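So the structure is just underneath, and the comments pick up after that.
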Amino acid sequence: MIHRFTLFLLFAQGVALAQRTYTLQNERLLVQFDERGNLTQLVNRQTGHNYASGGALWRLQYDTKTRRDIEVTPAANRPVIEQRGLSILIRYSGLVADGNSLSMALSLTVSLEPAQVRFCAEVSNREPHTVVRELQYPLVANCQLPADHHLLTTYWGGQRYADPKRQIAAANAAFPPYYPPSQHFLQMDQKYPTGWAGGGLAANCFAFTGPTQGIYFGSHDDAFQDTGHGLRLYPSRKFVFDRLEAGFYKYPNCLTGQTWRCEANVIAPYSGSWHETARLYRAWVDTWWKHRLEPQWVRELNGWQRIIMTHQYGERFFPYSDLGTRVRTVGEGVGINSVLVHGWHRGGHDNDYPNYLADPSQGGETALKNQIEAFQRGGGSVLLYYSGRLIDKASDFYRTGGGQKLVIRDNTGSEISDAYRFRGRGTFTGSYDSRTFAVAEFRNPVWQKKLHDMAGQALRLGARSVFYDQMGWGEQPHWDLSKEFPVPYLKTIAHKSAILGQLHDFLHQRNPDVAIGIELLTDVTAMQVDYVHSRYGATDVLNPDWEARGEKPRTTNFIDWFRFTFPEIILSDRDIRDDTDIERRVNHTVLKGLRNDVEIYRCRALIDETPHYQAHLTQINALKSRFKDLLLLGRYTDTRGFDHTNPDIEARRFEQDNLAAVVLTQSHLPDARTTLTIPVGWTYAESGSVGTVTVTPGAGNVQVGLGKHGLAVVVFKKTS
């Protein structure tokens, strides 16, 4: 017989062995930690799904004078945890790494908000001769994804991958040999907002999305500092990388004696489609968003021709005399009255920057100004190209004009260089004799004055827009070498945005009808400009034989995310530069509300040399003109606000005031039909089309038939 005292001891031991948990919950979310600070539950309470599995919440990396990337993990560190209302505090008064005690403190605060969980951090470094370089937090280790979840990133405005783990593994395999520590994990590099090292993210969030639920990761950071989007696979056993980890990487660069804080990172299990991720991000964006209404001609812009007048290696494709004559006439023939002009200056495209001197052999500024005026007579628009960031190392500005003092320098003090290798008909120039550029440091007031001088010159020449190339993304960082450890400046995109805002003000004060445009897409820079020359349209099809097989073309490109999140931003397509796959790609621009970038043979020719493209775009632009109040001036709402029955047909909606238009198209079937439901409170108004299309209004619905490459616009009018 067991003594009662023995039973009491056994019971007490069982209680002691049971781990204490810390839980926050509301009607939408539940988050829970064990006594070691591991994330045991991250639950969508509306569906019951738990994305967490008890893994570590953070990692930290620091440098010494002799070693970099020394990793600190929770495994060797025990926190003090307390719960205060809707917050949990996880504190480490000191840290241990490789058996060594460190005078570093880490404080993590997890707070429950109505629709998301916020993860705040504070790092204090008192360890002599060290710098805390990186904090990976929050992490959802061994993330439990339902089988139907896709990976959604904001690369180039949106990418979507059906198999997240396969994509991460493929991205890791694409690294150069010996680059990643692939014995430990596989990684997909994603970084906001830089255009290097896996960067180029248009917004500081990513998600795993299913048809009815998903999980959103957002770094709502109004400092706009570089942020790594953590996408890794860890092994469950040797060589089997199947444990997904997701989170954020921040870069404190916290030197001895410093404290660094961040309150930006949130995670939100949600119910609904991927559109919920856009709403979560936009709700934060609206706390700082200050986009200005574009000039009316920009809002009505359906696209532009993009030409290089004289190239880097001296070949002239278009003399000044073509601008107000042939270039204008060809564009007007397809319904486009704007042109983005590269290589108009003496040095030619990507040469001699930042010397933008009109070519004296063609009559200089007077001749160029006259041709700009001739092109714009009757409502045309010349968009005048400038590089916003490059300094040609062969230019007098660089060699004798102080340009060497304005450049970005790396962690050794060496200049960061960029090169553009354009070829003519031979191979020598592009292989050996191309231009090398230094990259301007945007905080330098001398460079900022240069950018203002470019805008002033464009005004003097009479152009309707100043276009700054490569100003939409971040840069490799400029390093400060004055401290014990070199420290990079990781907020370049915020400075680019501020400079673009100043340039916008400068132009607006002198002529409110003159627009500012940039290349490449990041939310905080897009806010400051009137239009963005984006990175892609409907290219990169994953199943190249889709047409022969009668399959719906598949692509990872998902500009839908940015268009839905930021419908006010005017974006172009890109990469239609010959006479192939025309209907599908051009129809895609109508479907997504993109403007046409007509860049025939990489800007060396005009669209009359691609007659198939010319004919189809002419019809499309006539349709855009007819419905410009919706397709150009209306608000893009993606797939929201309507229903139709055939998933083989792509359809998107636009709205303005009491009107709405649904654009429908398909490119893989000989014939496809769908029933478009007329929403309650609306009635059918009219329709238009290109290609083989039938539109038949009925009682409560509209029957739409589309031949291959057919495109229909169906307009509804609000009745109540």
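Please note that chains go A, B, ... in the order of the structure tokens, that every chain numbers its residues from 1, and that ligands are numbered from 1 in the order shown.
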
Can you pull out every residue within 10 Å of Asp148 of chain A, counting only C-alpha atoms, but drop anything in the same chain fewer than 2 positions away, and send it as a CSV table (one decimal) with N, CA, C and O atoms, in the first residue's frame?
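What landed in selection.csv:
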```
chain,number,residue,atom,x,y,z
A,145,LEU,N,2.1,24.4,-42.0
A,145,LEU,CA,1.2,25.0,-43.1
A,145,LEU,C,0.3,23.9,-43.6
A,145,LEU,O,0.7,22.8,-43.9
A,146,PRO,N,-1.0,24.3,-43.8
A,146,PRO,CA,-1.9,23.4,-44.5
A,146,PRO,C,-1.4,23.2,-45.9
A,146,PRO,O,-0.7,24.0,-46.5
A,150,HIS,N,0.0,28.7,-50.3
A,150,HIS,CA,1.1,29.2,-51.2
A,150,HIS,C,1.9,30.2,-50.5
A,150,HIS,O,1.5,30.8,-49.5
A,162,ALA,N,3.3,27.9,-55.5
A,162,ALA,CA,2.4,26.9,-55.0
A,162,ALA,C,3.0,26.0,-53.9
A,162,ALA,O,2.2,25.5,-53.1
A,163,ASP,N,4.3,25.8,-54.0
A,163,ASP,CA,4.9,24.9,-53.1
A,163,ASP,C,6.0,25.6,-52.3
A,163,ASP,O,7.2,25.7,-52.8
A,208,PHE,N,1.8,33.3,-46.1
A,208,PHE,CA,1.4,32.0,-46.7
A,208,PHE,C,-0.1,32.0,-46.8
A,208,PHE,O,-0.8,32.2,-45.8
A,209,THR,N,-0.6,31.8,-48.0
A,209,THR,CA,-2.0,32.1,-48.2
A,209,THR,C,-2.7,30.8,-48.8
A,209,THR,O,-2.2,30.1,-49.7
A,210,GLY,N,-3.9,30.5,-48.2
A,210,GLY,CA,-4.7,29.5,-48.7
A,210,GLY,C,-6.0,30.0,-49.2
A,210,GLY,O,-6.3,31.3,-49.1
A,211,PRO,N,-6.9,29.2,-49.7
A,211,PRO,CA,-8.2,29.7,-50.2
A,211,PRO,C,-9.1,30.4,-49.2
A,211,PRO,O,-9.8,31.4,-49.4
A,212,THR,N,-9.0,29.9,-47.9
A,212,THR,CA,-9.9,30.4,-46.9
A,212,THR,C,-9.2,30.9,-45.6
A,212,THR,O,-9.8,31.4,-44.7
A,213,GLN,N,-7.9,30.7,-45.5
A,213,GLN,CA,-7.1,31.2,-44.4
A,213,GLN,C,-5.7,31.3,-44.8
A,213,GLN,O,-5.2,30.8,-45.8
A,214,GLY,N,-4.9,31.9,-43.9
A,214,GLY,CA,-3.5,32.1,-44.1
A,214,GLY,C,-2.8,32.7,-42.9
A,214,GLY,O,-3.4,33.0,-41.9
```

Exercise. Which parts of segment 342-486 of chain A does DSSP call helix (DSSP H, G or I) when run on the backbone here, written out as a count of residues only?
Worked result: 46

Can you tell me which residues surround Val487 of chain A at a distance of at most 8 Å, considering only C-alpha atoms, apart from same-chain residues fewer than 6 positions away, and format the answer as a JSON list (two decimals) with N, CA, C and O atoms, in the first residue's frame?
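In the end it all went to around.json:
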```
[["chain", "number", "residue", "atom", "x", "y", "z"],
["A", 253, "ASN", "N", 23.14, 46.46, -35.66],
["A", 253, "ASN", "CA", 24.49, 47.03, -35.66],
["A", 253, "ASN", "C", 24.73, 47.78, -34.35],
["A", 253, "ASN", "O", 25.18, 48.94, -34.34],
["A", 411, "ASN", "N", 32.45, 48.23, -46.75],
["A", 411, "ASN", "CA", 32.97, 48.08, -45.39],
["A", 411, "ASN", "C", 34.49, 48.19, -45.32],
["A", 411, "ASN", "O", 35.07, 48.14, -44.23],
["A", 479, "TRP", "N", 28.92, 52.61, -45.84],
["A", 479, "TRP", "CA", 29.45, 52.21, -44.54],
["A", 479, "TRP", "C", 30.18, 53.37, -43.85],
["A", 479, "TRP", "O", 30.95, 54.09, -44.48],
["A", 480, "ASP", "N", 29.95, 53.48, -42.55],
["A", 480, "ASP", "CA", 30.65, 54.42, -41.69],
["A", 480, "ASP", "C", 31.83, 53.68, -41.06],
["A", 480, "ASP", "O", 31.63, 52.72, -40.30],
["A", 481, "LEU", "N", 33.04, 54.12, -41.36],
["A", 481, "LEU", "CA", 34.25, 53.45, -40.86],
["A", 481, "LEU", "C", 34.85, 54.14, -39.65],
["A", 481, "LEU", "O", 35.96, 53.79, -39.22]]
```

Problem set entry | Residues near Thr555 of chain A, cut-off 9 Å, only C-alpha atoms, skip fewer than 5 positions along chain, as a PyMOL selection string | chain A and resi 159-161+538-543

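Distances here use only C-alpha atoms; by that measure, the residue among A:Ile493, A:Val327, A:Leu664, A:Ala498 closest to Ile607 of chain A is A:Val327.
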
For this session: Check the DSSP output for the backbone and give back, as a PyMOL selection string, the residues of segment 457-488 of chain A in strand (DSSP E).
Result: chain A and resi 465-469+479-480+487-488

Emit the selected residues as a CSV table (one decimal), in the first residue's frame, including N, CA, C and O atoms.
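Listing of selection.csv after writing:
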```csv
chain,number,residue,atom,x,y,z
A,465,SER,N,7.5,65.5,-68.3
A,465,SER,CA,7.8,64.7,-67.1
A,465,SER,C,9.3,64.5,-67.0
A,465,SER,O,10.0,64.5,-68.0
A,466,VAL,N,9.8,64.5,-65.8
A,466,VAL,CA,11.2,64.1,-65.5
A,466,VAL,C,11.1,62.6,-65.0
A,466,VAL,O,10.3,62.3,-64.1
A,467,PHE,N,11.9,61.8,-65.6
A,467,PHE,CA,12.0,60.3,-65.2
A,467,PHE,C,13.3,60.0,-64.7
A,467,PHE,O,14.4,60.2,-65.3
A,468,TYR,N,13.3,59.5,-63.4
A,468,TYR,CA,14.6,59.1,-62.7
A,468,TYR,C,14.7,57.6,-62.7
A,468,TYR,O,13.9,56.9,-62.0
A,469,ASP,N,15.7,57.1,-63.4
A,469,ASP,CA,15.9,55.6,-63.5
A,469,ASP,C,16.5,55.1,-62.1
A,469,ASP,O,17.2,55.7,-61.4
A,479,TRP,N,28.9,52.6,-45.8
A,479,TRP,CA,29.4,52.2,-44.5
A,479,TRP,C,30.2,53.4,-43.8
A,479,TRP,O,31.0,54.1,-44.5
A,480,ASP,N,29.9,53.5,-42.6
A,480,ASP,CA,30.7,54.4,-41.7
A,480,ASP,C,31.8,53.7,-41.1
A,480,ASP,O,31.6,52.7,-40.3
A,487,VAL,N,30.0,50.2,-39.8
A,487,VAL,CA,28.5,50.1,-39.6
A,487,VAL,C,27.9,50.6,-40.9
A,487,VAL,O,28.1,51.7,-41.4
A,488,PRO,N,27.0,49.8,-41.5
A,488,PRO,CA,26.3,50.2,-42.7
A,488,PRO,C,25.1,51.1,-42.5
A,488,PRO,O,24.4,50.9,-41.4
```

What's the 10 Å shell around segment 657-660 of chain A, counting only C-alpha atoms, without same-chain residues fewer than 4 positions away, as an mmCIF file with all heavy atoms, in the first residue's frame?
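result.cif, written as the output of this step:
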```
data_model
loop_
_atom_site.group_PDB
_atom_site.id
_atom_site.type_symbol
_atom_site.label_atom_id
_atom_site.label_comp_id
_atom_site.auth_asym_id
_atom_site.auth_seq_id
_atom_site.Cartn_x
_atom_site.Cartn_y
_atom_site.Cartn_z
ATOM 1 N N ASP A 629 -12.688 56.083 -68.245
ATOM 2 C CA ASP A 629 -13.150 56.482 -66.917
ATOM 3 C C ASP A 629 -13.058 55.340 -65.923
ATOM 4 O O ASP A 629 -12.960 55.574 -64.710
ATOM 5 C CB ASP A 629 -14.595 56.990 -66.988
ATOM 6 C CG ASP A 629 -14.694 58.353 -67.627
ATOM 7 O OD1 ASP A 629 -13.648 59.008 -67.807
ATOM 8 O OD2 ASP A 629 -15.818 58.764 -67.975
ATOM 9 N N LEU A 630 -13.082 54.111 -66.408
ATOM 10 C CA LEU A 630 -12.976 52.948 -65.538
ATOM 11 C C LEU A 630 -11.608 52.285 -65.640
ATOM 12 O O LEU A 630 -10.947 52.044 -64.633
ATOM 13 C CB LEU A 630 -14.078 51.939 -65.870
ATOM 14 C CG LEU A 630 -15.482 52.383 -65.446
ATOM 15 C CD1 LEU A 630 -16.559 51.599 -66.177
ATOM 16 C CD2 LEU A 630 -15.650 52.232 -63.934
ATOM 17 N N LEU A 631 -11.156 51.992 -66.856
ATOM 18 C CA LEU A 631 -9.933 51.219 -67.024
ATOM 19 C C LEU A 631 -8.675 52.024 -66.696
ATOM 20 O O LEU A 631 -7.655 51.442 -66.308
ATOM 21 C CB LEU A 631 -9.844 50.677 -68.452
ATOM 22 C CG LEU A 631 -11.001 49.783 -68.905
ATOM 23 C CD1 LEU A 631 -10.735 49.243 -70.297
ATOM 24 C CD2 LEU A 631 -11.233 48.641 -67.917
ATOM 25 N N GLY A 634 -10.399 54.580 -63.086
ATOM 26 C CA GLY A 634 -11.124 53.877 -62.040
ATOM 27 C C GLY A 634 -10.200 53.203 -61.035
ATOM 28 O O GLY A 634 -8.987 53.116 -61.219
ATOM 29 N N ARG A 635 -10.789 52.696 -59.979
ATOM 30 C CA ARG A 635 -10.062 52.009 -58.909
ATOM 31 C C ARG A 635 -10.061 50.512 -59.179
ATOM 32 O O ARG A 635 -11.119 49.908 -59.367
ATOM 33 C CB ARG A 635 -10.719 52.304 -57.556
ATOM 34 C CG ARG A 635 -10.049 51.626 -56.360
ATOM 35 C CD ARG A 635 -10.828 51.910 -55.081
ATOM 36 N NE ARG A 635 -10.218 51.291 -53.913
ATOM 37 C CZ ARG A 635 -9.270 51.846 -53.181
ATOM 38 N NH1 ARG A 635 -8.833 53.061 -53.484
ATOM 39 N NH2 ARG A 635 -8.754 51.210 -52.129
ATOM 40 N N TYR A 636 -8.890 49.917 -59.177
ATOM 41 C CA TYR A 636 -8.745 48.475 -59.385
ATOM 42 C C TYR A 636 -9.154 47.745 -58.109
ATOM 43 O O TYR A 636 -8.630 48.023 -57.028
ATOM 44 C CB TYR A 636 -7.297 48.172 -59.733
ATOM 45 C CG TYR A 636 -6.957 46.709 -59.878
ATOM 46 C CD1 TYR A 636 -7.177 46.041 -61.075
ATOM 47 C CD2 TYR A 636 -6.380 45.997 -58.826
ATOM 48 C CE1 TYR A 636 -6.838 44.702 -61.223
ATOM 49 C CE2 TYR A 636 -6.034 44.667 -58.966
ATOM 50 C CZ TYR A 636 -6.265 44.022 -60.162
ATOM 51 O OH TYR A 636 -5.922 42.696 -60.304
ATOM 52 N N THR A 637 -10.095 46.798 -58.207
ATOM 53 C CA THR A 637 -10.547 46.042 -57.035
ATOM 54 C C THR A 637 -10.280 44.553 -57.161
ATOM 55 O O THR A 637 -10.805 43.761 -56.390
ATOM 56 C CB THR A 637 -12.039 46.280 -56.751
ATOM 57 O OG1 THR A 637 -12.813 45.724 -57.813
ATOM 58 C CG2 THR A 637 -12.347 47.756 -56.601
ATOM 59 N N GLY A 641 -16.043 42.062 -55.536
ATOM 60 C CA GLY A 641 -17.205 42.816 -55.987
ATOM 61 C C GLY A 641 -17.960 42.206 -57.147
ATOM 62 O O GLY A 641 -18.866 42.839 -57.701
ATOM 63 N N PHE A 642 -17.626 40.961 -57.535
ATOM 64 C CA PHE A 642 -18.378 40.292 -58.599
ATOM 65 C C PHE A 642 -18.137 38.785 -58.501
ATOM 66 O O PHE A 642 -17.217 38.315 -57.832
ATOM 67 C CB PHE A 642 -17.961 40.806 -59.978
ATOM 68 C CG PHE A 642 -16.601 40.345 -60.427
ATOM 69 C CD1 PHE A 642 -16.463 39.268 -61.282
ATOM 70 C CD2 PHE A 642 -15.448 40.989 -59.983
ATOM 71 C CE1 PHE A 642 -15.205 38.835 -61.694
ATOM 72 C CE2 PHE A 642 -14.193 40.567 -60.390
ATOM 73 C CZ PHE A 642 -14.069 39.483 -61.246
ATOM 74 N N ARG A 653 -11.978 43.594 -61.752
ATOM 75 C CA ARG A 653 -12.993 44.640 -61.665
ATOM 76 C C ARG A 653 -12.349 46.006 -61.435
ATOM 77 O O ARG A 653 -11.332 46.135 -60.742
ATOM 78 C CB ARG A 653 -13.952 44.323 -60.516
ATOM 79 C CG ARG A 653 -15.089 45.314 -60.314
ATOM 80 C CD ARG A 653 -15.984 44.843 -59.164
ATOM 81 N NE ARG A 653 -17.094 45.744 -58.898
ATOM 82 C CZ ARG A 653 -17.033 46.795 -58.076
ATOM 83 N NH1 ARG A 653 -15.899 47.090 -57.448
ATOM 84 N NH2 ARG A 653 -18.102 47.549 -57.871
ATOM 85 N N TRP A 682 -27.264 46.715 -58.920
ATOM 86 C CA TRP A 682 -26.602 47.119 -60.160
ATOM 87 C C TRP A 682 -27.396 46.593 -61.346
ATOM 88 O O TRP A 682 -28.214 45.683 -61.219
ATOM 89 C CB TRP A 682 -25.176 46.552 -60.218
ATOM 90 C CG TRP A 682 -24.253 47.089 -59.165
ATOM 91 C CD1 TRP A 682 -24.219 46.742 -57.849
ATOM 92 C CD2 TRP A 682 -23.227 48.067 -59.355
ATOM 93 N NE1 TRP A 682 -23.236 47.442 -57.195
ATOM 94 C CE2 TRP A 682 -22.604 48.251 -58.094
ATOM 95 C CE3 TRP A 682 -22.757 48.791 -60.449
ATOM 96 C CZ2 TRP A 682 -21.550 49.139 -57.907
ATOM 97 C CZ3 TRP A 682 -21.695 49.666 -60.269
ATOM 98 C CH2 TRP A 682 -21.109 49.841 -59.013
ATOM 99 N N THR A 683 -27.126 47.173 -62.509
ATOM 100 C CA THR A 683 -27.735 46.692 -63.749
ATOM 101 C C THR A 683 -26.709 46.749 -64.873
ATOM 102 O O THR A 683 -25.753 47.535 -64.824
ATOM 103 C CB THR A 683 -28.971 47.543 -64.119
ATOM 104 O OG1 THR A 683 -29.631 46.946 -65.235
ATOM 105 C CG2 THR A 683 -28.582 48.972 -64.482
ATOM 106 N N TYR A 684 -26.885 45.898 -65.858
ATOM 107 C CA TYR A 684 -25.997 45.904 -67.017
ATOM 108 C C TYR A 684 -26.152 47.222 -67.767
ATOM 109 O O TYR A 684 -27.256 47.710 -67.983
ATOM 110 C CB TYR A 684 -26.341 44.730 -67.937
ATOM 111 C CG TYR A 684 -25.650 44.780 -69.282
ATOM 112 C CD1 TYR A 684 -24.342 44.352 -69.424
ATOM 113 C CD2 TYR A 684 -26.313 45.273 -70.405
ATOM 114 C CE1 TYR A 684 -23.705 44.400 -70.650
ATOM 115 C CE2 TYR A 684 -25.688 45.330 -71.640
ATOM 116 C CZ TYR A 684 -24.377 44.892 -71.759
ATOM 117 O OH TYR A 684 -23.758 44.943 -72.978
ATOM 118 N N ALA A 685 -25.019 47.802 -68.208
ATOM 119 C CA ALA A 685 -25.058 49.077 -68.926
ATOM 120 C C ALA A 685 -24.601 48.929 -70.371
ATOM 121 O O ALA A 685 -25.324 49.283 -71.302
ATOM 122 C CB ALA A 685 -24.195 50.120 -68.206
ATOM 123 N N VAL A 713 -15.033 43.851 -71.990
ATOM 124 C CA VAL A 713 -15.266 44.792 -70.899
ATOM 125 C C VAL A 713 -16.768 44.901 -70.717
ATOM 126 O O VAL A 713 -17.478 45.321 -71.634
ATOM 127 C CB VAL A 713 -14.665 46.179 -71.203
ATOM 128 C CG1 VAL A 713 -14.965 47.143 -70.056
ATOM 129 C CG2 VAL A 713 -13.165 46.079 -71.440
ATOM 130 N N VAL A 714 -17.252 44.487 -69.552
ATOM 131 C CA VAL A 714 -18.678 44.528 -69.253
ATOM 132 C C VAL A 714 -18.905 45.574 -68.169
ATOM 133 O O VAL A 714 -18.305 45.495 -67.083
ATOM 134 C CB VAL A 714 -19.198 43.154 -68.790
ATOM 135 C CG1 VAL A 714 -20.690 43.217 -68.495
ATOM 136 C CG2 VAL A 714 -18.906 42.088 -69.846
ATOM 137 N N VAL A 715 -19.760 46.546 -68.460
ATOM 138 C CA VAL A 715 -19.966 47.681 -67.562
ATOM 139 C C VAL A 715 -21.314 47.555 -66.873
ATOM 140 O O VAL A 715 -22.333 47.252 -67.514
ATOM 141 C CB VAL A 715 -19.885 49.016 -68.333
ATOM 142 C CG1 VAL A 715 -20.146 50.189 -67.398
ATOM 143 C CG2 VAL A 715 -18.521 49.152 -69.006
ATOM 144 N N PHE A 716 -21.308 47.784 -65.560
ATOM 145 C CA PHE A 716 -22.526 47.799 -64.759
ATOM 146 C C PHE A 716 -22.739 49.206 -64.192
ATOM 147 O O PHE A 716 -21.776 49.937 -63.942
ATOM 148 C CB PHE A 716 -22.439 46.802 -63.605
ATOM 149 C CG PHE A 716 -22.285 45.378 -64.037
ATOM 150 C CD1 PHE A 716 -21.068 44.728 -63.933
ATOM 151 C CD2 PHE A 716 -23.360 44.683 -64.554
ATOM 152 C CE1 PHE A 716 -20.913 43.417 -64.324
ATOM 153 C CE2 PHE A 716 -23.230 43.375 -64.952
ATOM 154 C CZ PHE A 716 -22.000 42.737 -64.839
ATOM 155 N N LYS A 717 -23.993 49.539 -63.995
ATOM 156 C CA LYS A 717 -24.351 50.833 -63.414
ATOM 157 C C LYS A 717 -25.131 50.602 -62.133
ATOM 158 O O LYS A 717 -26.015 49.748 -62.075
ATOM 159 C CB LYS A 717 -25.193 51.649 -64.402
ATOM 160 C CG LYS A 717 -25.512 53.055 -63.925
ATOM 161 C CD LYS A 717 -26.242 53.849 -65.006
ATOM 162 C CE LYS A 717 -26.511 55.274 -64.565
ATOM 163 N NZ LYS A 717 -27.195 56.066 -65.620
ATOM 164 N N LYS A 718 -24.805 51.386 -61.115
ATOM 165 C CA LYS A 718 -25.472 51.244 -59.827
ATOM 166 C C LYS A 718 -26.878 51.825 -59.916
ATOM 167 O O LYS A 718 -27.091 52.912 -60.457
ATOM 168 C CB LYS A 718 -24.674 51.959 -58.738
ATOM 169 C CG LYS A 718 -25.136 51.666 -57.313
ATOM 170 C CD LYS A 718 -24.260 52.368 -56.291
ATOM 171 C CE LYS A 718 -22.880 51.772 -56.248
ATOM 172 N NZ LYS A 718 -22.055 52.350 -55.156
ATOM 173 N N THR A 719 -27.835 51.093 -59.384
ATOM 174 C CA THR A 719 -29.233 51.539 -59.410
ATOM 175 C C THR A 719 -29.720 51.960 -58.036
ATOM 176 O O THR A 719 -30.782 52.580 -57.925
ATOM 177 C CB THR A 719 -30.142 50.413 -59.940
ATOM 178 O OG1 THR A 719 -30.007 49.248 -59.098
ATOM 179 C CG2 THR A 719 -29.780 50.062 -61.371
ATOM 180 N N SER A 720 -29.017 51.600 -56.996
ATOM 181 C CA SER A 720 -29.453 51.961 -55.638
ATOM 182 C C SER A 720 -28.254 52.087 -54.716
ATOM 183 O O SER A 720 -27.148 51.720 -55.069
ATOM 184 C CB SER A 720 -30.417 50.911 -55.089
ATOM 185 O OG SER A 720 -29.793 49.645 -55.009
#
```

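Residue nearest Thr227 of chain A, chosen from A:Lys491, A:Arg554, A:Arg604, A:Arg389 and counting only C-alpha atoms: A:Lys491.
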
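Put simply, atom CA of Pro670 of chain A is 5.6 Å away from atom CA of Gly707 of chain A.
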
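Within 8 Å of Lys552 of chain A, once only C-alpha atoms are used and residues closer than 6 positions along the same chain are dropped, the contacting residues are Trp546, Asp648, Ser667 and His668 of chain A.
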
For this session: With a distance cut-off of 9 Å and only C-alpha atoms, select the neighbouring residues of segment 504-514 of chain A, excluding the residue or stretch itself and same-chain residues fewer than 6 positions from it, and output the selection as a ChimeraX atom specification.
Result: /A:294-297,452,455-456,459,463-466,528-530

Problem set entry | Among listed residues A:Pro269, A:Gly501, A:Gly257, A:Gly550, nearest Tyr51 of chain A (using only C-alpha atoms) | A:Pro269
